[in-house]
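Below you'll find the structure, written out as structure tokens, and then a few comments.
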Amino acid sequence: MDDQQSREQFDTGLKKIRHEIKSRLVPHGLYGTITDVDSGPAGHLPDGSRIELHAKGRTIGKIV
């Protein structure tokens, strides 16, 4: 598998995780911003990613 295809799968996985987080919070009235920051070399397949949720003036992060 080449790096570009691996990167696409990684990005697709992050998108699914962000969507799942939002879909679980909205029924509870929590609307916020979900961001992700890659860790590792830029442009290639990262070592991991940190997902952060900003809602109601608070921020929480999780490394995936």
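As shown in the structure tokens, the chain order sets the letters A, B, ...; within each chain, residues go from 1, and ligands are also counted from 1 in the order they appear.
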Check: Any idea what's packed within 7 Å of segment 30-45 of chain A, counting only C-alpha atoms, ignoring anything in its chain fewer than 3 positions away? Could you give it as a PyMOL selection string?
Finding: chain A and resi 3+6-7+18+25-26+48-55
Next item on the list: Using DSSP on the backbone coordinates, identify the residues of chain A assigned to strand (DSSP E or B); present them as JSON, numbers by chain.
Entry: {"A": [33, 34, 35, 36, 37, 38, 39, 48, 49, 50, 51, 52, 53, 54, 55, 58, 59, 60, 61, 62, 63]}
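Atom CA of Lys56 of chain A sits 28.8 Å away from atom CA of Phe10 of chain A.
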